[in-house]
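Have a look at coords08.cif; it's mmCIF, C-alpha atoms (C1' of nucleotides):
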data_model
loop_
_atom_site.label_atom_id
_atom_site.label_comp_id
_atom_site.auth_asym_id
_atom_site.auth_seq_id
_atom_site.Cartn_x
_atom_site.Cartn_y
_atom_site.Cartn_z
CA MET A 706 0.00 0.00 0.00
CA ALA A 707 1.70 3.16 -1.21
CA GLU A 708 1.58 6.37 0.78
CA ASP A 709 -0.13 9.41 -0.63
CA ILE A 710 1.22 12.94 -0.53
CA VAL A 711 -0.97 14.11 2.30
CA ALA A 712 0.15 11.24 4.51
CA GLY A 713 3.72 12.34 3.92
CA VAL A 714 2.89 15.89 4.87
CA MET A 715 1.17 14.76 8.02
CA ARG A 716 4.19 12.66 8.97
CA GLN A 717 6.40 15.71 8.53
CA TRP A 718 4.21 17.72 10.85
CA GLN A 719 4.26 14.93 13.38
CA GLN A 720 8.04 15.07 13.47
CA VAL A 721 8.25 18.83 13.84
CA LEU A 722 5.23 19.44 16.08
CA PRO A 723 4.39 16.09 17.68
CA GLU A 724 1.56 17.47 19.77
CA LEU A 725 -0.32 18.87 16.74
CA ASP A 726 -3.62 17.20 15.87
CA THR A 727 -3.44 16.91 12.11
CA ALA A 728 -6.55 14.75 11.74
CA PRO A 729 -8.53 17.30 9.69
CA MET A 730 -5.82 17.25 7.04
CA ALA A 731 -6.49 13.59 6.44
CA VAL A 732 -9.94 14.49 5.20
CA ILE A 733 -9.80 18.08 3.99
CA GLY A 734 -6.29 18.03 2.60
CA ARG A 735 -6.92 14.86 0.66
CA LEU A 736 -10.26 16.09 -0.51
CA ASN A 737 -8.84 19.29 -1.92
CA ARG A 738 -5.92 17.51 -3.49
CA CYS A 739 -8.15 14.89 -5.11
CA SER A 740 -10.41 17.61 -6.42
CA ALA A 741 -7.49 19.53 -7.91
CA LEU A 742 -6.12 16.45 -9.62
CA LEU A 743 -9.52 15.42 -10.89
CA GLN A 744 -10.34 18.81 -12.28
CA GLN A 745 -7.09 18.80 -14.13
CA ALA A 746 -7.44 15.24 -15.33
CA ALA A 747 -11.11 14.59 -15.76
CA ASP A 748 -12.03 17.15 -18.37
CA ALA A 749 -9.98 15.76 -21.23
CA PRO A 750 -13.00 14.68 -23.31
CA LEU A 751 -14.52 18.13 -22.91
CA ARG A 752 -11.42 19.96 -23.93
CA ARG A 753 -11.17 17.90 -27.07
CA GLU A 754 -14.48 19.47 -28.05
CA GLY A 755 -13.33 22.94 -27.11
CA LEU A 756 -15.65 23.17 -24.12
CA THR A 757 -14.72 24.25 -20.63
CA ARG A 758 -16.18 22.48 -17.64
CA PRO A 759 -18.43 25.39 -16.67
CA GLU A 760 -19.76 25.61 -20.22
CA PHE A 761 -20.42 21.90 -20.20
CA ASP A 762 -22.23 22.28 -16.91
CA ILE A 763 -24.55 24.84 -18.46
CA LEU A 764 -25.40 22.52 -21.33
CA GLY A 765 -25.96 19.71 -18.84
CA THR A 766 -28.19 21.86 -16.67
CA LEU A 767 -30.38 22.73 -19.62
CA ARG A 768 -30.53 19.10 -20.66
CA ARG A 769 -31.37 17.57 -17.32
CA THR A 770 -33.94 20.14 -16.26
CA ASP A 771 -35.49 19.66 -19.67
CA ARG A 772 -36.97 23.10 -20.01
CA GLU A 773 -36.04 26.68 -20.75
CA LEU A 774 -34.05 28.53 -18.10
CA THR A 775 -33.20 32.17 -17.51
CA PRO A 776 -29.59 33.30 -17.09
CA GLY A 777 -30.18 34.02 -13.43
CA ARG A 778 -31.55 30.56 -12.85
CA ILE A 779 -28.55 29.03 -14.59
CA ALA A 780 -26.22 31.09 -12.43
CA ARG A 781 -27.86 29.76 -9.29
CA GLU A 782 -27.98 26.23 -10.60
CA THR A 783 -24.30 26.14 -11.52
CA PHE A 784 -23.05 28.16 -8.53
CA ALA A 785 -21.52 30.79 -10.78
CA SER A 786 -21.71 34.57 -10.83
CA GLY A 787 -24.05 36.30 -13.20
CA ALA A 788 -21.15 37.82 -15.06
CA ALA A 789 -19.52 34.46 -15.69
CA VAL A 790 -22.80 33.07 -16.95
CA THR A 791 -23.27 36.00 -19.33
CA LYS A 792 -19.91 35.32 -20.93
CA ARG A 793 -20.47 31.59 -21.19
CA LEU A 794 -23.90 32.02 -22.67
CA ARG A 795 -22.55 34.37 -25.30
CA GLN A 796 -19.88 31.85 -26.19
CA LEU A 797 -22.33 28.94 -26.32
CA GLU A 798 -24.79 30.95 -28.36
CA GLN A 799 -22.11 31.93 -30.86
CA ARG A 800 -21.26 28.28 -31.30
CA GLY A 801 -24.89 27.58 -31.99
CA LEU A 802 -25.33 25.26 -29.03
CA ILE A 803 -28.01 27.25 -27.25
CA ALA A 804 -30.74 29.66 -28.35
CA ARG A 805 -32.37 32.65 -26.72
CA ARG A 806 -36.07 33.40 -26.68
CA PRO A 807 -37.35 36.68 -25.30
CA ASP A 808 -40.10 36.49 -22.72
CA ASP A 809 -43.51 37.51 -23.95
CA ARG A 810 -44.53 39.61 -21.00
CA ASP A 811 -41.33 40.67 -19.23
CA ARG A 812 -38.83 42.11 -21.65
CA ARG A 813 -35.99 41.90 -19.15
CA VAL A 814 -35.82 38.16 -19.17
CA THR A 815 -34.71 35.78 -21.88
CA HIS A 816 -35.20 32.04 -21.93
CA LEU A 817 -32.40 29.72 -22.94
CA SER A 818 -32.69 26.31 -24.48
CA LEU A 819 -30.45 23.81 -26.23
CA THR A 820 -30.43 23.83 -30.01
CA ASP A 821 -30.59 20.49 -31.77
CA GLU A 822 -26.87 20.77 -32.30
CA GLY A 823 -26.35 21.50 -28.63
CA ARG A 824 -28.38 18.54 -27.51
CA GLU A 825 -26.64 16.25 -29.95
CA LEU A 826 -23.24 17.38 -28.73
CA LEU A 827 -24.18 16.89 -25.12
CA ASP A 828 -25.79 13.51 -25.64
CA ARG A 829 -22.67 12.36 -27.40
CA LEU A 830 -20.25 13.92 -24.96
CA LEU A 831 -21.86 13.09 -21.65
CA PRO A 832 -21.56 9.29 -21.83
CA GLU A 833 -18.02 9.71 -23.05
CA GLN A 834 -17.20 12.03 -20.18
CA LEU A 835 -18.81 9.74 -17.62
CA GLY A 836 -17.00 6.75 -19.07
CA TYR A 837 -13.73 8.58 -18.79
CA GLU A 838 -14.45 9.49 -15.20
CA ALA A 839 -15.42 5.92 -14.43
CA ALA A 840 -12.08 4.80 -15.83
CA LEU A 841 -10.31 7.21 -13.50
CA LEU A 842 -12.10 5.68 -10.53
CA ASP A 843 -11.44 2.16 -11.71
CA GLY A 844 -9.07 0.46 -9.36
CA LEU A 845 -10.89 1.74 -6.31
CA GLY A 846 -13.31 -1.14 -6.41
CA THR A 847 -17.06 -0.88 -6.57
CA ARG A 848 -17.55 -1.37 -2.84
CA ASN A 849 -15.06 1.38 -2.03
CA GLN A 850 -16.63 3.74 -4.50
CA GLU A 851 -20.01 3.25 -2.91
CA ARG A 852 -18.69 3.87 0.57
CA LEU A 853 -16.84 6.92 -0.61
CA ALA A 854 -19.92 8.28 -2.35
CA GLY A 855 -21.95 7.70 0.78
CA SER A 856 -19.52 9.41 3.10
CA LEU A 857 -19.12 12.34 0.75
CA GLY A 858 -22.88 12.66 0.55
CA GLU A 859 -23.11 12.95 4.32
CA LEU A 860 -20.33 15.49 4.39
CA LEU A 861 -21.98 17.47 1.64
CA VAL A 862 -25.28 17.62 3.49
CA LEU A 863 -23.37 18.80 6.53
CA LEU A 864 -21.53 21.52 4.66
CA GLU A 865 -24.57 22.72 2.77
CA GLY A 866 -26.43 23.04 6.02
CA ARG A 867 -23.57 24.89 7.60
CA LEU A 868 -23.34 27.45 4.81
CA GLY A 869 -26.11 29.51 6.31
CA SER A 870 -24.49 29.70 9.72
CA LEU A 871 -21.19 30.80 8.24
CA LEU A 872 -22.29 34.39 8.06
CA ASP A 873 -21.74 34.59 11.81
CA SER A 874 -18.01 33.91 11.86
CA MET B 78 -31.53 11.63 6.12
CA ALA B 79 -31.51 14.71 3.92
CA GLU B 80 -30.59 14.55 0.26
CA ASP B 81 -27.57 16.43 -1.03
CA ILE B 82 -27.45 18.51 -4.18
CA VAL B 83 -25.61 15.95 -6.25
CA ALA B 84 -28.18 13.28 -5.44
CA GLY B 85 -30.84 15.62 -6.77
CA VAL B 86 -28.91 16.19 -9.98
CA MET B 87 -28.45 12.46 -10.46
CA ARG B 88 -32.16 11.91 -9.99
CA GLN B 89 -32.87 14.50 -12.68
CA TRP B 90 -30.59 12.73 -15.10
CA GLN B 91 -32.25 9.42 -14.31
CA GLN B 92 -35.60 10.87 -15.30
CA VAL B 93 -34.40 12.38 -18.57
CA LEU B 94 -31.91 9.71 -19.64
CA PRO B 95 -32.77 6.56 -17.69
CA GLU B 96 -30.11 4.46 -19.33
CA LEU B 97 -27.26 6.81 -18.35
CA ASP B 98 -24.78 5.49 -15.80
CA THR B 99 -24.31 8.44 -13.49
CA ALA B 100 -22.29 6.56 -10.88
CA PRO B 101 -19.10 8.61 -11.34
CA MET B 102 -21.01 11.75 -10.39
CA ALA B 103 -21.73 10.29 -6.98
CA VAL B 104 -18.02 10.36 -6.25
CA ILE B 105 -16.51 13.05 -8.46
CA GLY B 106 -19.37 15.48 -8.40
CA ARG B 107 -19.65 15.33 -4.63
CA LEU B 108 -15.92 15.56 -4.23
CA ASN B 109 -15.68 18.70 -6.29
CA ARG B 110 -18.65 20.27 -4.59
CA CYS B 111 -17.31 19.49 -1.13
CA SER B 112 -13.97 20.93 -2.08
CA ALA B 113 -15.53 24.11 -3.38
CA LEU B 114 -17.58 24.59 -0.24
CA LEU B 115 -14.67 23.80 2.02
CA GLN B 116 -12.32 26.17 0.28
CA GLN B 117 -14.86 28.90 0.65
CA ALA B 118 -15.64 28.09 4.26
CA ALA B 119 -12.51 26.69 5.79
CA ASP B 120 -10.12 29.58 5.41
CA ALA B 121 -11.85 32.02 7.73
CA PRO B 122 -9.09 32.00 10.39
CA LEU B 123 -6.51 32.69 7.71
CA ARG B 124 -8.38 35.57 6.23
CA ARG B 125 -8.66 37.18 9.59
CA GLU B 126 -4.86 37.40 9.56
CA GLY B 127 -4.79 38.73 6.02
CA LEU B 128 -3.29 35.57 4.62
CA THR B 129 -4.48 33.67 1.59
CA ARG B 130 -4.52 29.91 1.61
CA PRO B 131 -1.59 29.58 -0.83
CA GLU B 132 0.47 31.99 1.27
CA PHE B 133 -0.36 29.99 4.36
CA ASP B 134 0.70 26.84 2.53
CA ILE B 135 4.10 28.35 1.81
CA LEU B 136 4.62 29.22 5.45
CA GLY B 137 3.53 25.72 6.42
CA THR B 138 5.85 24.12 3.91
CA LEU B 139 8.81 26.01 5.33
CA ARG B 140 7.79 25.11 8.84
CA ARG B 141 7.24 21.42 8.34
CA THR B 142 10.28 20.73 6.19
CA ASP B 143 12.25 22.63 8.82
CA ARG B 144 14.98 23.91 6.52
CA GLU B 145 15.63 26.51 3.87
CA LEU B 146 13.96 26.05 0.52
CA THR B 147 14.43 27.62 -2.91
CA PRO B 148 11.48 29.23 -4.70
CA GLY B 149 11.48 26.47 -7.28
CA ARG B 150 11.27 23.83 -4.60
CA ILE B 151 8.40 25.66 -2.95
CA ALA B 152 6.60 25.85 -6.27
CA ARG B 153 6.85 22.08 -6.69
CA GLU B 154 5.94 21.42 -3.08
CA THR B 155 2.81 23.58 -3.19
CA PHE B 156 1.78 22.63 -6.75
CA ALA B 157 1.86 26.23 -7.88
CA SER B 158 3.44 27.97 -10.85
CA GLY B 159 6.75 29.70 -10.43
CA ALA B 160 5.17 33.04 -11.17
CA ALA B 161 2.58 32.64 -8.46
CA VAL B 162 5.27 31.68 -5.97
CA THR B 163 7.34 34.73 -6.87
CA LYS B 164 4.44 37.01 -6.08
CA ARG B 165 3.57 35.27 -2.84
CA LEU B 166 7.15 35.28 -1.65
CA ARG B 167 7.41 38.99 -2.30
CA GLN B 168 4.27 39.58 -0.30
CA LEU B 169 5.40 37.38 2.58
CA GLU B 170 8.84 38.95 2.60
CA GLN B 171 7.38 42.46 2.72
CA ARG B 172 5.31 41.44 5.71
CA GLY B 173 8.48 40.21 7.36
CA LEU B 174 7.32 36.62 7.62
CA ILE B 175 10.09 35.08 5.54
CA ALA B 176 13.69 35.99 4.77
CA ARG B 177 15.94 35.46 1.77
CA ARG B 178 19.53 34.33 1.89
CA PRO B 179 21.63 34.23 -1.26
CA ASP B 180 23.44 31.02 -1.99
CA ASP B 181 27.19 31.13 -1.34
CA ARG B 182 28.28 29.38 -4.48
CA ASP B 183 25.47 29.70 -6.96
CA ARG B 184 24.30 33.25 -7.32
CA ARG B 185 21.15 32.22 -9.16
CA VAL B 186 19.54 30.63 -6.19
CA THR B 187 18.15 32.12 -3.03
CA HIS B 188 17.22 30.25 0.11
CA LEU B 189 14.07 31.09 2.03
CA SER B 190 13.31 30.59 5.66
CA LEU B 191 10.76 31.72 8.21
CA THR B 192 11.59 34.73 10.32
CA ASP B 193 10.85 34.50 14.01
CA GLU B 194 7.75 36.52 13.36
CA GLY B 195 6.73 34.16 10.59
CA ARG B 196 7.18 31.11 12.74
CA GLU B 197 5.28 32.64 15.60
CA LEU B 198 2.40 33.55 13.33
CA LEU B 199 2.24 30.07 11.86
CA ASP B 200 2.53 28.30 15.19
CA ARG B 201 -0.32 30.36 16.49
CA LEU B 202 -2.45 30.12 13.38
CA LEU B 203 -2.07 26.47 12.48
CA PRO B 204 -3.76 24.98 15.57
CA GLU B 205 -6.50 27.54 15.22
CA GLN B 206 -6.99 26.66 11.58
CA LEU B 207 -7.00 22.93 12.28
CA GLY B 208 -9.44 23.41 15.10
CA TYR B 209 -11.75 25.32 12.82
CA GLU B 210 -11.55 22.59 10.21
CA ALA B 211 -12.21 19.95 12.85
CA ALA B 212 -15.33 21.84 13.84
CA LEU B 213 -16.51 21.81 10.23
CA LEU B 214 -16.14 18.04 10.14
CA ASP B 215 -17.84 17.58 13.46
CA GLY B 216 -21.15 15.88 12.97
CA LEU B 217 -19.67 13.33 10.64
CA GLY B 218 -18.57 11.13 13.50
CA THR B 219 -15.08 9.91 14.15
CA ARG B 220 -15.62 6.53 12.54
CA ASN B 221 -16.97 8.12 9.38
CA GLN B 222 -14.10 10.57 9.21
CA GLU B 223 -11.60 7.75 9.41
CA ARG B 224 -13.29 5.78 6.68
CA LEU B 225 -13.52 8.87 4.52
CA ALA B 226 -9.87 9.68 5.06
CA GLY B 227 -8.91 6.11 4.18
CA SER B 228 -10.95 6.00 1.00
CA LEU B 229 -9.68 9.39 -0.10
CA GLY B 230 -6.14 8.24 0.54
CA GLU B 231 -6.61 5.28 -1.76
CA LEU B 232 -8.15 7.47 -4.43
CA LEU B 233 -5.32 9.94 -4.10
CA VAL B 234 -2.68 7.26 -4.57
CA LEU B 235 -4.58 6.12 -7.62
CA LEU B 236 -4.80 9.60 -9.13
CA GLU B 237 -1.22 10.50 -8.38
CA GLY B 238 -0.07 7.32 -10.07
CA ARG B 239 -2.25 8.03 -13.04
CA LEU B 240 -0.90 11.50 -13.55
CA GLY B 241 2.10 10.22 -15.47
CA SER B 242 -0.02 8.22 -17.87
CA LEU B 243 -2.19 11.22 -18.59
CA LEU B 244 0.23 12.54 -21.15
CA ASP B 245 -1.05 9.86 -23.51
CA SER B 246 -4.63 10.99 -23.76
"C1'" DA C 397 40.03 30.33 -21.98
"C1'" DG C 398 35.64 30.41 -24.30
"C1'" DC C 399 31.26 28.90 -25.75
"C1'" DA C 400 27.16 26.08 -25.27
"C1'" DT C 401 24.00 24.17 -22.11
"C1'" DG C 402 21.18 23.78 -18.20
"C1'" DT C 403 18.96 25.45 -14.17
"C1'" DG C 404 16.66 28.70 -11.25
"C1'" DT C 405 14.19 33.12 -10.89
"C1'" DT C 406 11.53 37.02 -12.46
"C1'" DT C 407 8.80 39.58 -15.76
"C1'" DT C 408 5.29 40.07 -19.28
"C1'" DA C 409 1.16 39.08 -21.68
"C1'" DT C 410 -3.08 36.86 -21.47
"C1'" DG C 411 -7.20 34.76 -19.93
"C1'" DA C 412 -10.82 33.72 -16.55
"C1'" DG C 413 -13.59 34.84 -12.66
"C1'" DT C 414 -15.89 37.99 -9.47
"C1'" DA C 415 -18.01 42.13 -7.30
"C1'" DA C 416 -20.02 46.22 -8.04
"C1'" DA C 417 -22.25 49.42 -11.01
"C1'" DA C 418 -25.11 50.38 -14.91
"C1'" DG C 419 -28.95 49.71 -17.88
"C1'" DA C 420 -33.60 48.30 -18.90
"C1'" DT C 421 -38.11 47.32 -17.77
"C1'" DA C 422 -41.86 45.48 -15.02
"C1'" DT C 423 -44.40 46.00 -10.72
"C1'" DT C 424 -46.03 48.24 -6.69
"C1'" DT C 425 -47.45 52.18 -4.04
"C1'" DC C 426 -49.31 56.53 -3.27
"C1'" DG D 1200 -51.24 58.16 -13.50
"C1'" DA D 1201 -46.64 59.11 -11.71
"C1'" DA D 1202 -42.93 57.96 -8.89
"C1'" DA D 1203 -40.54 54.75 -6.30
"C1'" DT D 1204 -39.06 50.16 -5.99
"C1'" DA D 1205 -37.61 45.72 -7.38
"C1'" DT D 1206 -35.69 42.46 -10.52
"C1'" DC D 1207 -33.07 40.68 -14.24
"C1'" DT D 1208 -29.24 41.05 -17.48
"C1'" DT D 1209 -25.08 43.02 -19.04
"C1'" DT D 1210 -20.97 45.80 -18.67
"C1'" DT D 1211 -16.92 47.53 -16.30
"C1'" DA D 1212 -13.01 47.44 -13.37
"C1'" DC D 1213 -10.23 44.61 -10.84
"C1'" DT D 1214 -7.84 40.51 -8.96
"C1'" DC D 1215 -5.55 36.43 -9.50
"C1'" DA D 1216 -3.42 32.60 -11.84
"C1'" DT D 1217 -0.87 30.76 -15.51
"C1'" DA D 1218 2.25 30.00 -19.63
"C1'" DA D 1219 5.82 31.60 -22.04
"C1'" DA D 1220 9.56 34.61 -22.60
"C1'" DA D 1221 13.43 36.93 -20.66
"C1'" DC D 1222 17.10 37.11 -17.62
"C1'" DA D 1223 21.15 35.71 -14.74
"C1'" DC D 1224 24.50 32.75 -13.72
"C1'" DA D 1225 27.05 28.41 -12.95
"C1'" DT D 1226 28.69 24.31 -15.01
"C1'" DG D 1227 30.58 21.28 -18.52
"C1'" DC D 1228 32.76 20.53 -22.80
"C1'" DT D 1229 36.27 21.43 -26.34
#
As a first step, turn the structure in this file into structure tokens.
Amino acid sequence: MAEDIVAGVMRQWQQVLPELDTAPMAVIGRLNRCSALLQQAADAPLRREGLTRPEFDILGTLRRTDRELTPGRIARETFASGAAVTKRLRQLEQRGLIARRPDDRDRRVTHLSLTDEGRELLDRLLPEQLGYEAALLDGLGTRNQERLAGSLGELLVLLEGRLGSLLDS
Amino acid sequence: MAEDIVAGVMRQWQQVLPELDTAPMAVIGRLNRCSALLQQAADAPLRREGLTRPEFDILGTLRRTDRELTPGRIARETFASGAAVTKRLRQLEQRGLIARRPDDRDRRVTHLSLTDEGRELLDRLLPEQLGYEAALLDGLGTRNQERLAGSLGELLVLLEGRLGSLLDS
DNA sequence: AGCATGTGTTTTATGAGTAAAAGATATTTC
DNA sequence: GAAATATCTTTTACTCATAAAACACATGCT
């Protein structure tokens, strides 16, 4: 069983400051490091199509909600700022992957939807992307993946809940 | 047991594309989301001291390796670009937290170390930071944290190993 | 000795993201 | 009906990170 980078870091701390409780690093440090590596590694299929991950997320959001969405709604759904969404939408529209439709009653709002081309690209790319990600996780073992997914789910619920109470600190 | 955001997204996909295998999302999607939330939430003690997380990492790296390091070495150790390290070192030096020493023989290289002030700041801040992170994880349960740390360690070993073979794709 | 090579650091140019302000228009209130 | 208010989108200004070029110098080879 090889040692990962974070374990090495924790061992270093133990030698220099033996009384330090480094336990949180085992979870948070590894989590951040895994995320960084995955984000760098896991988007290869997307990049081949000239899409960034946030752009892909917008296409996916439109596909899975299966209805028109406003820019503001997309911003909330993808946890991005309005400005970032504006830029991505412009880019996606220029590529012909999404289309705008003005609202009938409220001229401030526009509704976005996938074009046929956009849907075709996504439906082709998504299984490929998921397959690639599955390959990255291969070697963990199905049982381990399930446990990991479960634990992360609990943690995520915890963190989402705690977001509200973070305004205090 | 509440449902997390990723579970909701997976359910949406299941309704629109029932044959899609969304299993990787359960791990990778949650992992990325947790990391994003943690990075936003977990650095509060640092920010109070006017330090960014990457700056804090540099101080920590110097402290735990317990010897002088070159900028290049720090860049590799903290997974940052050389340019980013240059800027952070300048900032930390101006604040008097680190000191430069030119190499005796090779005038290209400089050696960096913590000043007394830098070490004092870190030794005060690190336990506080770890305590804060521990509080964030509280509610998961010790057993769950250990399992999570173990699974993430395995995944990390896997991903680190796979980094070399990523040049192929 | 002198020149090429390699290594380590810093600067420059560029791109991406965000917060805050601006712009546009509907809705509410008086 | 007019003015204030609210909401949604887009633009602007700024920060931060990176990649690539530029720079500085030691080392190795001839």
Between atom CA of A:Phe761 and atom CA of B:Leu97 - distance in Å to one decimal: 16.7 Å
Selection dump of the PyMOL selection byres ((chain A) within 12 of (chain C)), as an MDAnalysis selection string: chainID A and resid 757 759 785:793 808 810:814
A:Glu825, A:Glu833, A:Glu773, A:Glu708 ranked by distance to chain B, top pick (using only C-alpha atoms): A:Glu708
Check: which chain D residues lie within 7 Å of chain B using only C-alpha atoms (C1' of nucleotides), as a list in words: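 Interface list for chain D against chain B: DA1216, DT1217, DA1223, DC1224 and DA1225 of chain D.
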Evaluate the PyMOL selection byres ((chain A) within 6 of (chain B)) and report residues as an NGL selection string: :A and (709 or 717-718 or 729 or 731-732 or 737 or 739-740 or 769 or 839 or 854 or 861-862)
Point-to-point distance in Å for atom CA of B:Asp120 and atom CA of B:Thr192: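 One can read the atom CA of B:Thr192 to atom CA of B:Asp120 distance as 22.8 Å.
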Interatomic distance, atom CA of A:Pro776 to atom C1' of D:DA1212 (Å, one decimal): 22.1 Å
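Minimum atom-to-atom distance to B:Ser190, evaluated using all atoms listed in the file, belongs to B:Ile175 out of B:Ala152, B:Leu169, B:Ile175, B:Ile135.
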Please return as a compact mmCIF listing (two decimals) with C-alpha atoms, in the frame of the given file every residue within 9 Å of (-35.2, 30.3, -23.9), taking into account all atoms listed in the file and the file's own coordinates.
# COMPACT_ATOMS: atom_id res chain seq x y z
CA ARG A 772 -36.97 23.10 -20.01
CA GLU A 773 -36.04 26.68 -20.75
CA LEU A 774 -34.05 28.53 -18.10
CA THR A 775 -33.20 32.17 -17.51
CA ILE A 803 -28.01 27.25 -27.25
CA ALA A 804 -30.74 29.66 -28.35
CA ARG A 805 -32.37 32.65 -26.72
CA ARG A 806 -36.07 33.40 -26.68
CA PRO A 807 -37.35 36.68 -25.30
CA ASP A 808 -40.10 36.49 -22.72
CA THR A 815 -34.71 35.78 -21.88
CA HIS A 816 -35.20 32.04 -21.93
CA LEU A 817 -32.40 29.72 -22.94
CA SER A 818 -32.69 26.31 -24.48
CA LEU A 819 -30.45 23.81 -26.23
Taking every listed atom of stretch 851-856 of chain A and adding 3 Å to each side, what centre and edge lengths in Å (one decimal) does the axis-aligned box have, as lines of an AutoDock Vina configuration file?
center_x = -19.4
center_y = 6.3
center_z = 0.1
size_x = 11.1
size_y = 12.2
size_z = 12.0
